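Novice: Take this structure first; my questions come after.
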Amino acid sequence: MVDIIDGALFQRMVIHGSASINAQKQAINDLNVFPVPDGDTGTNMSLTIGTAAAEARKKPAQAIGQAAAINASALLRGARGNSGVILSLLFRGVSKALKEHETADGVILAAALNEGVSAAYKAVMKPAEGTILTVSRLAAARASQAAQEHNSVETVLEEAIAEGQTALADTVNQNPVLKKAGVVDAGGKGFLIILQGMLDELRGLPLPAETDDALNVKESADFAALSEEDITFTFDTVFIVRKTPGRSIEPFRAYLNSIGDSLVIGEDDEAFKVHVHTDTPGAALSEAQKYGTLELAKIENMRTQAQELAAGRQAQSTDDLDQVEAELEAQEAGDAVAAPEKKFGVVAVSAGEGMASVFRDLGVDGVISGGQTMNPSTEDILREIARTPAEVVFVLPNNKNIIMAAQQCVGLVEGKEVVVVPTRTVPQGISAMLVLDPEADTQTNAAAMEEARNNVRTSEITYAARDSDFDGFEIHEGDYMALAEGQLFGTDRAIGSLLERLAQADTQQNAEFISIFYGEDVTENQAGEALAIFQKQCPNAEITLLSGGQPVYYYMISAE
């Protein structure tokens, strides 16, 4: 029985927790009850705590207060999606409680868990029951009781998890949507998986196998066995892509064969992993994003490495990136935050080059690639804020699952005021940008942007990622789905019929201006047909058709 833990053990527990959720992330993703392709709770939580695990490996600490602080800082910057942000808040509170401690016993750990719950509840404007918040609160409350019964870290974690499992099972009764679908809360389940991984580390259990091992693709070339004469293509390129459901990767395989050699592709139901030698790794990565979401990439120059080895020197590889990055950060520390050249700047999150171009044309300073299924981290947003040469930086998240990550940036960039306008869709972001007045003050602009985004109604057409019976609709995988303000509007096997029904809805019938953004999977001819439907059904509206190039959504339609 482990009664007391220090910083080194705490860090190993975090690493184990990270490996545990990584191994089960798809099972958590599959709990998503809404059948649109955005069931990424497991992925977001895994990526979030994965940053902490990586930091723990780089920065070992003996005192638990220091280890918890390192962990909390990494989680904050790596937080992705609402579930990742809440996870980071839970551990931020833990860090606050452990700040002055060298070690922690059961009583101290229980208090830290409760401090984490308090931090998470304070940050969420409208806490909902039947979520990760409920599960963590009840687990922490039981931890406090258990610590009084037996002052042992292992006992406290064991009892907290047991109570958390009971609370998790009850989430199906607390949330009507979960109850109808017959599933538990994904975020709550992910949190308990992490705690169980931490407990498993205390008990000396082995780390779960990495999910990517099943793909069985070579990670990097054996440079010592190569000479320059053997190298046909320059760059050894390895990357992992989370699949777009229903899309065959065989055309991609043929494409890679046309630009390189030594091609190996491993795949499972969730992802595929590529190893290829090519002269154009950027082209390979760009093409890959047509088949899913890029998760990880490694590129190494085999020619320069062969030259280094031939000269008797050690060949530099991607394994050296941490050291190189640290050196570069040290050199550039003084220039990390751009000096203000103007009063206001704007950073926007958007997916698709067409959407990005619209924002740039409107004067946005920085566009972060992201959106549905690919939420940027807090650190991604912070980096773009720091680069923006303005005193006040407005952030347009343009997705409900990115708002919390953006809000964590407030107060973190020295010398800049950060204002998050909680835009939930790209059309809302565009409308907010249109009313920004360089001559007005910050408060006036924030209010105007808020009003503008509230005046926009957004409809979207995507596809069903899974079979579902949702809100009275029997949905089948591959069906076209229309959403109105994020709520299910209807489904159809024919996209034209669905577009016509959307055009006939009151939102579009009462609009003066309608903008139709078509996605990367829609041809110009198909987009023209969609425009014709809206022109016929909405004769009193001014209608604009634009290439958004966005993934996941065939059409985004704004009405004002």
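By convention here, the chains of the structure tokens are called A, B, ... in the order presented, each chain's residues are numbered starting at 1, and ligands are numbered starting at 1 in the order presented.
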Write out as a tab-separated table a residue-level contact list of range 66-116 of chain A versus range 182-200 of chain A with cut-off 10 Å: for each qualifying residue the closest pair of atoms and the distance in Å to one decimal, counting only C-alpha atoms, rows sorted by chain and residue number upward.

Specialist:
residue	atom	partner	partner_atom	distance
A:Asn82	CA	A:Gly187	CA	9.2
A:Ser83	CA	A:Gly187	CA	5.9
A:Gly84	CA	A:Gly187	CA	8.7
A:Ile86	CA	A:Gly187	CA	9.0
A:Leu87	CA	A:Phe191	CA	7.4
A:Leu90	CA	A:Phe191	CA	9.7

Novice: Write out as a PyMOL selection string which residues come within 8 Å of Phe235 in chain A when counting only C-alpha atoms, dropping same-chain ones fewer than 5 positions away.

Specialist: chain A and resi 277-281+299-303

Novice: What is the CA of Glu163 in chain A-CA of Ala110 in chain A distance in Å, reported with one decimal?

Specialist: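 The value is 13.3 Å.
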
Novice: Show me, as a list in words, the residues that have an atom within 8 Å of Ile70 in chain A when counting only C-alpha atoms, minus same-chain residues fewer than 2 positions from it.

Specialist: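 Everything that qualifies: Ala52, Glu55, Ala56, Lys59, Gln66, Ala67, Ala68, Ala72, Ser73 and Ala74 of chain A.
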
Novice: Which residues are near range 491-506 of chain A? Cut-off 6 Å, only C-alpha atoms, ignore same chain within fewer than 3 positions. Put them as a ChimeraX atom specification.

Specialist: /A:479-481,509-510,534,537

Novice: Which residues come within 6 Å of Ala119 in chain A, counting only C-alpha atoms, excluding same-chain residues fewer than 3 positions away, as an mmCIF file with all heavy atoms, in the first residue's frame?

Specialist:
data_model
loop_
_atom_site.group_PDB
_atom_site.id
_atom_site.type_symbol
_atom_site.label_atom_id
_atom_site.label_comp_id
_atom_site.auth_asym_id
_atom_site.auth_seq_id
_atom_site.Cartn_x
_atom_site.Cartn_y
_atom_site.Cartn_z
ATOM 1 N N LEU A 89 -8.182 22.495 -15.805
ATOM 2 C CA LEU A 89 -8.607 23.244 -14.618
ATOM 3 C C LEU A 89 -8.604 22.364 -13.371
ATOM 4 O O LEU A 89 -8.230 22.814 -12.281
ATOM 5 C CB LEU A 89 -10.008 23.813 -14.848
ATOM 6 C CG LEU A 89 -10.119 24.927 -15.897
ATOM 7 C CD1 LEU A 89 -11.579 25.173 -16.253
ATOM 8 C CD2 LEU A 89 -9.471 26.205 -15.395
ATOM 9 N N GLY A 93 -6.147 23.266 -10.084
ATOM 10 C CA GLY A 93 -6.518 23.346 -8.687
ATOM 11 C C GLY A 93 -5.685 22.405 -7.827
ATOM 12 O O GLY A 93 -5.285 22.754 -6.709
ATOM 13 N N GLY A 116 -9.161 21.126 -7.033
ATOM 14 C CA GLY A 116 -9.303 21.028 -8.486
ATOM 15 C C GLY A 116 -10.750 21.161 -8.925
ATOM 16 O O GLY A 116 -11.066 21.852 -9.895
ATOM 17 N N LYS A 122 -15.632 27.029 -10.824
ATOM 18 C CA LYS A 122 -15.560 28.485 -10.904
ATOM 19 C C LYS A 122 -15.394 28.967 -12.342
ATOM 20 O O LYS A 122 -15.859 30.050 -12.705
ATOM 21 C CB LYS A 122 -14.394 28.995 -10.062
ATOM 22 C CG LYS A 122 -14.642 28.946 -8.567
ATOM 23 C CD LYS A 122 -13.409 29.400 -7.793
ATOM 24 C CE LYS A 122 -13.622 29.285 -6.292
ATOM 25 N NZ LYS A 122 -12.378 29.637 -5.546
#

Novice: So that I can check the surroundings of Thr507 in chain A, please list as a PyMOL selection string every protein, DNA and RNA residue that reaches within 12 Å of it, counting only C-alpha atoms and ignoring chain neighbours fewer than 5 positions away.

Specialist: chain A and resi 455-459+484-485+489+501-502+512-514+538+541+557-560

Novice: Write out as number ranges by chain which residues come within 12 Å of Ile430 in chain A when counting only C-alpha atoms, dropping same-chain ones fewer than 3 positions away.

Specialist: A: 346-350, 355-364, 395-398, 421, 423-427, 433-436, 449-450, 452-456, 458, 515, 517, 558-560

Novice: Quote the spacing between CA of Phe91 in chain A and CA of Val241 in chain A in Å to one decimal place.

Specialist: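 Between CA of Phe91 in chain A and CA of Val241 in chain A the gap is 28.9 Å.
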
Novice: What is the distance, in Å and to one decimal place, between CA of Pro389 in chain A and CA of Gly548 in chain A?

Specialist: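 Taking CA of Pro389 in chain A and CA of Gly548 in chain A, their separation equals 26.8 Å.
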
Novice: Run DSSP on the backbone and give me the residues of range 293-500 of chain A it puts in alpha helix (DSSP H), as a VMD selection string.

Specialist: chain A and resid 302 to 310 321 to 332 353 to 361 378 to 387 403 to 407 426 to 434 442 to 454 495 to 500
